[in-house]
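K.L.:
Input protein24.pdb, format and content: PDB, C-alpha atoms.
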MODEL        1
ATOM      1  CA  ILE A1428     -47.306  47.391 126.832
ATOM      2  CA  ARG A1429     -44.049  45.707 125.963
ATOM      3  CA  PRO A1430     -41.011  47.577 127.292
ATOM      4  CA  ASN A1431     -38.841  46.592 124.310
ATOM      5  CA  PRO A1432     -40.854  46.225 121.117
ATOM      6  CA  VAL A1433     -39.465  43.693 118.659
ATOM      7  CA  THR A1434     -39.696  44.103 114.901
ATOM      8  CA  ASP A1435     -39.479  41.221 112.489
ATOM      9  CA  GLY A1436     -36.297  41.752 110.466
ATOM     10  CA  ASN A1437     -38.122  40.666 107.308
ATOM     11  CA  LEU A1438     -40.247  43.816 107.533
ATOM     12  CA  ILE A1439     -37.290  46.220 107.483
ATOM     13  CA  ILE A1440     -36.371  47.612 104.072
ATOM     14  CA  ARG A1441     -32.786  48.813 103.750
ATOM     15  CA  LEU A1442     -32.306  51.886 101.576
ATOM     16  CA  PRO A1443     -29.184  52.219  99.429
ATOM     17  CA  GLN A1444     -26.581  54.656 100.760
ATOM     18  CA  SER A1445     -26.115  56.409  97.397
ATOM     19  CA  ASP A1446     -27.392  56.584  93.825
ATOM     20  CA  ALA A1447     -24.325  54.627  92.712
ATOM     21  CA  GLU A1448     -25.043  51.806  95.186
ATOM     22  CA  SER A1449     -28.675  51.699  94.124
ATOM     23  CA  LEU A1450     -27.853  51.541  90.430
ATOM     24  CA  SER A1451     -25.150  48.906  90.993
ATOM     25  CA  ILE A1452     -27.659  46.571  92.669
ATOM     26  CA  GLU A1453     -30.317  46.539  89.964
ATOM     27  CA  GLU A1454     -32.099  49.068  87.854
ATOM     28  CA  HIS A1455     -35.863  48.882  88.136
ATOM     29  CA  LYS A1456     -37.476  48.518  84.731
ATOM     30  CA  ALA A1457     -40.390  50.550  83.373
ATOM     31  CA  LYS A1458     -43.730  49.463  84.897
ATOM     32  CA  ALA A1459     -41.990  48.007  87.987
ATOM     33  CA  LYS A1460     -43.831  48.444  91.290
ATOM     34  CA  VAL A1461     -41.626  50.313  93.768
ATOM     35  CA  LEU A1462     -41.679  52.337  96.958
ATOM     36  CA  ALA A1463     -40.314  55.821  96.355
ATOM     37  CA  LEU A1464     -39.742  58.931  98.416
ATOM     38  CA  TYR A1465     -42.613  61.337  97.805
ATOM     39  CA  PRO A1466     -41.289  64.874  97.192
ATOM     40  CA  GLY A1467     -41.272  67.137 100.241
ATOM     41  CA  THR A1468     -41.770  64.250 102.687
ATOM     42  CA  THR A1469     -39.746  61.613 104.503
ATOM     43  CA  CYS A1470     -42.146  58.807 103.541
ATOM     44  CA  LEU A1471     -41.980  56.106 100.913
ATOM     45  CA  TYR A1472     -45.153  55.633  98.877
ATOM     46  CA  PRO A1473     -46.163  53.032  96.274
ATOM     47  CA  ALA A1474     -45.259  54.102  92.753
ATOM     48  CA  LEU A1475     -44.826  52.748  89.255
ATOM     49  CA  VAL A1476     -41.601  53.317  87.313
ATOM     50  CA  ILE A1477     -42.281  55.236  84.113
ATOM     51  CA  SER A1478     -38.664  55.595  83.039
ATOM     52  CA  PRO A1479     -35.440  54.267  84.642
ATOM     53  CA  PRO A1480     -32.229  56.339  84.749
ATOM     54  CA  SER A1481     -30.683  54.459  81.801
ATOM     55  CA  LYS A1482     -33.497  55.768  79.569
ATOM     56  CA  ARG A1483     -33.118  59.364  80.764
ATOM     57  CA  LYS A1484     -30.348  61.691  79.673
ATOM     58  CA  LYS A1485     -28.172  63.679  82.087
ATOM     59  CA  THR A1486     -29.752  62.317  85.284
ATOM     60  CA  ASN A1487     -29.649  59.339  87.636
ATOM     61  CA  ASP A1488     -33.253  59.952  88.688
ATOM     62  CA  TYR A1489     -36.216  57.719  87.997
ATOM     63  CA  LEU A1490     -39.412  59.090  86.559
ATOM     64  CA  VAL A1491     -42.277  57.595  88.601
ATOM     65  CA  LYS A1492     -46.054  57.814  88.937
ATOM     66  CA  PHE A1493     -47.220  57.702  92.557
ATOM     67  CA  SER A1494     -50.451  55.894  93.403
ATOM     68  CA  ASP A1495     -53.358  58.301  93.946
ATOM     69  CA  ASP A1496     -51.297  61.287  92.754
ATOM     70  CA  GLU A1497     -52.884  63.802  90.403
ATOM     71  CA  VAL A1498     -49.506  64.753  88.937
ATOM     72  CA  PRO A1499     -48.725  62.517  85.909
ATOM     73  CA  SER A1500     -45.081  61.915  86.876
ATOM     74  CA  ARG A1501     -42.400  62.973  89.314
ATOM     75  CA  THR A1502     -38.673  62.385  89.640
ATOM     76  CA  CYS A1503     -37.097  60.352  92.422
ATOM     77  CA  SER A1504     -33.422  59.831  93.214
ATOM     78  CA  ALA A1505     -32.307  56.212  92.779
ATOM     79  CA  LYS A1506     -31.167  56.056  96.405
ATOM     80  CA  TYR A1507     -34.735  56.724  97.611
ATOM     81  CA  LEU A1508     -36.407  54.036  95.531
ATOM     82  CA  VAL A1509     -36.679  50.316  96.370
ATOM     83  CA  ALA A1510     -38.565  47.338  94.976
ATOM     84  CA  SER A1511     -42.039  47.055  96.399
ATOM     85  CA  PRO A1512     -42.239  44.183  98.891
ATOM     86  CA  ASP A1513     -44.764  41.406  98.250
ATOM     87  CA  PHE A1514     -46.916  42.513 101.197
ATOM     88  CA  PHE A1515     -47.685  45.797  99.344
ATOM     89  CA  ALA A1516     -48.937  44.010  96.222
TER      90      ALA A1516
ENDMDL
END
Once you've parsed the file, please lay out its structure as structure tokens.
P.N.:
Amino acid sequence: IRPNPVTDGNLIIRLPQSDAESLSIEEHKAKAKVLALYPGTTCLYPALVISPPSKRKKTNDYLVKFSDDEVPSRTCSAKYLVASPDFFA
């Protein structure tokens, strides 16, 4: 057992601090593969963007479809959604 585990920095995904920061970086387009916060959890799960905030009225949330989810779509705040890394493809 290693006393001080080391993590490769390339495997760490930084989350935006706010919706505004997330939307200022880049809006994920419809059909983009992302990792998004599953409702009621603290975990990011693979999802597909159905509708970005710019296509939705009165909200900065994305509409996403989570992999293996029976619910057709769910909302996710922009600050809890990031591009899916290549190793999840």
K.L.:
Apply the PyMOL selection byres ((chain A and resi 1448) around 12) to the displayed file and report the matching residues as an MDAnalysis selection string.
P.N.:
chainID A and resid 1441:1447 1449:1454 1487 1504:1509
K.L.:
With all atoms of region 1475-1481 of chain A from the file as input, state the centre and edge lengths in Å to one decimal of the axis-aligned box that has 4 Å extra on each side, as JSON.
P.N.:
{"center_x": -37.8, "center_y": 54.5, "center_z": 85.5, "size_x": 22.1, "size_y": 11.6, "size_z": 15.5}
K.L.:
With a distance cut-off of 12 Å and all atoms listed in the file, select the neighbouring residues of region 1488-1501 of chain A, excluding the residue or stretch itself and same-chain residues fewer than 3 positions from it, and output the selection as JSON, numbers by chain.
P.N.:
{"A": [1445, 1446, 1447, 1449, 1450, 1454, 1455, 1456, 1457, 1458, 1459, 1460, 1461, 1462, 1463, 1464, 1465, 1466, 1467, 1471, 1472, 1473, 1474, 1475, 1476, 1477, 1478, 1479, 1480, 1481, 1482, 1483, 1484, 1485, 1504, 1505, 1506, 1507, 1508, 1509]}
K.L.:
Distance CA of Ala1510 (chain A)-CA of Cys1470 (chain A), one decimal place?
P.N.:
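That distance, rounded to one decimal, is 14.8 Å.
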K.L.:
Calculated over only C-alpha atoms, which of the candidates A:Asp1513, A:Leu1438, A:Pro1430, A:Cys1503 has the smallest distance to Thr1468 (chain A)?
P.N.:
A:Cys1503
K.L.:
Quick one: region 1500-1511 of chain A with all heavy atoms, as a CSV table (one decimal), in the frame of the given file?
P.N.:
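part.csv, written as the output of this step:
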chain,number,residue,atom,x,y,z
A,1500,SER,N,-46.4,62.5,86.6
A,1500,SER,CA,-45.1,61.9,86.9
A,1500,SER,C,-44.2,62.8,87.7
A,1500,SER,O,-44.4,64.1,87.7
A,1500,SER,CB,-44.3,61.5,85.6
A,1500,SER,OG,-44.0,62.7,84.9
A,1501,ARG,N,-43.3,62.2,88.5
A,1501,ARG,CA,-42.4,63.0,89.3
A,1501,ARG,C,-41.0,62.3,89.2
A,1501,ARG,O,-41.0,61.1,89.0
A,1501,ARG,CB,-42.9,63.0,90.8
A,1501,ARG,CG,-44.2,63.7,91.0
A,1501,ARG,CD,-44.6,63.8,92.4
A,1501,ARG,NE,-45.9,64.3,92.7
A,1501,ARG,CZ,-46.1,65.5,93.0
A,1501,ARG,NH1,-45.2,66.4,93.2
A,1501,ARG,NH2,-47.4,65.9,93.2
A,1502,THR,N,-40.0,63.0,89.6
A,1502,THR,CA,-38.7,62.4,89.6
A,1502,THR,C,-38.4,61.9,91.1
A,1502,THR,O,-38.9,62.4,92.0
A,1502,THR,CB,-37.6,63.4,89.2
A,1502,THR,OG1,-37.6,64.5,90.0
A,1502,THR,CG2,-37.8,63.8,87.7
A,1503,CYS,N,-37.5,60.9,91.1
A,1503,CYS,CA,-37.1,60.4,92.4
A,1503,CYS,C,-35.7,59.9,92.3
A,1503,CYS,O,-35.3,59.1,91.4
A,1503,CYS,CB,-38.0,59.2,92.9
A,1503,CYS,SG,-37.6,58.5,94.5
A,1504,SER,N,-34.8,60.3,93.2
A,1504,SER,CA,-33.4,59.8,93.2
A,1504,SER,C,-33.4,58.3,93.4
A,1504,SER,O,-34.2,57.7,94.1
A,1504,SER,CB,-32.7,60.5,94.4
A,1504,SER,OG,-31.4,59.9,94.5
A,1505,ALA,N,-32.4,57.7,92.7
A,1505,ALA,CA,-32.3,56.2,92.8
A,1505,ALA,C,-32.1,55.7,94.2
A,1505,ALA,O,-32.5,54.6,94.6
A,1505,ALA,CB,-31.2,55.8,91.9
A,1506,LYS,N,-31.4,56.5,95.0
A,1506,LYS,CA,-31.2,56.1,96.4
A,1506,LYS,C,-32.4,56.1,97.3
A,1506,LYS,O,-32.4,55.5,98.4
A,1506,LYS,CB,-30.0,56.8,97.0
A,1506,LYS,CG,-30.3,58.3,97.3
A,1506,LYS,CD,-29.1,58.9,98.0
A,1506,LYS,CE,-29.3,60.4,98.2
A,1506,LYS,NZ,-28.2,61.0,98.8
A,1507,TYR,N,-33.5,56.7,96.8
A,1507,TYR,CA,-34.7,56.7,97.6
A,1507,TYR,C,-35.8,55.9,96.9
A,1507,TYR,O,-37.0,56.2,97.1
A,1507,TYR,CB,-35.2,58.2,97.8
A,1507,TYR,CG,-34.2,59.0,98.6
A,1507,TYR,CD1,-33.7,60.2,98.0
A,1507,TYR,CD2,-33.8,58.6,99.8
A,1507,TYR,CE1,-32.8,61.0,98.7
A,1507,TYR,CE2,-32.9,59.4,100.5
A,1507,TYR,CZ,-32.4,60.5,100.0
A,1507,TYR,OH,-31.5,61.3,100.7
A,1508,LEU,N,-35.4,54.9,96.2
A,1508,LEU,CA,-36.4,54.0,95.5
A,1508,LEU,C,-36.0,52.6,95.7
A,1508,LEU,O,-34.8,52.2,95.5
A,1508,LEU,CB,-36.4,54.4,94.0
A,1508,LEU,CG,-37.4,53.8,93.2
A,1508,LEU,CD1,-38.0,54.8,92.2
A,1508,LEU,CD2,-36.9,52.6,92.4
A,1509,VAL,N,-36.9,51.7,96.2
A,1509,VAL,CA,-36.7,50.3,96.4
A,1509,VAL,C,-37.8,49.5,95.8
A,1509,VAL,O,-38.9,50.0,95.6
A,1509,VAL,CB,-36.5,50.0,97.9
A,1509,VAL,CG1,-35.3,50.6,98.5
A,1509,VAL,CG2,-37.8,50.4,98.7
A,1510,ALA,N,-37.5,48.2,95.5
A,1510,ALA,CA,-38.6,47.3,95.0
A,1510,ALA,C,-39.7,47.2,96.0
A,1510,ALA,O,-39.4,47.2,97.2
A,1510,ALA,CB,-38.0,46.0,94.7
A,1511,SER,N,-40.9,47.2,95.5
A,1511,SER,CA,-42.0,47.1,96.4
A,1511,SER,C,-42.1,45.6,97.0
A,1511,SER,O,-42.1,44.7,96.2
A,1511,SER,CB,-43.3,47.4,95.6
A,1511,SER,OG,-44.4,47.4,96.5
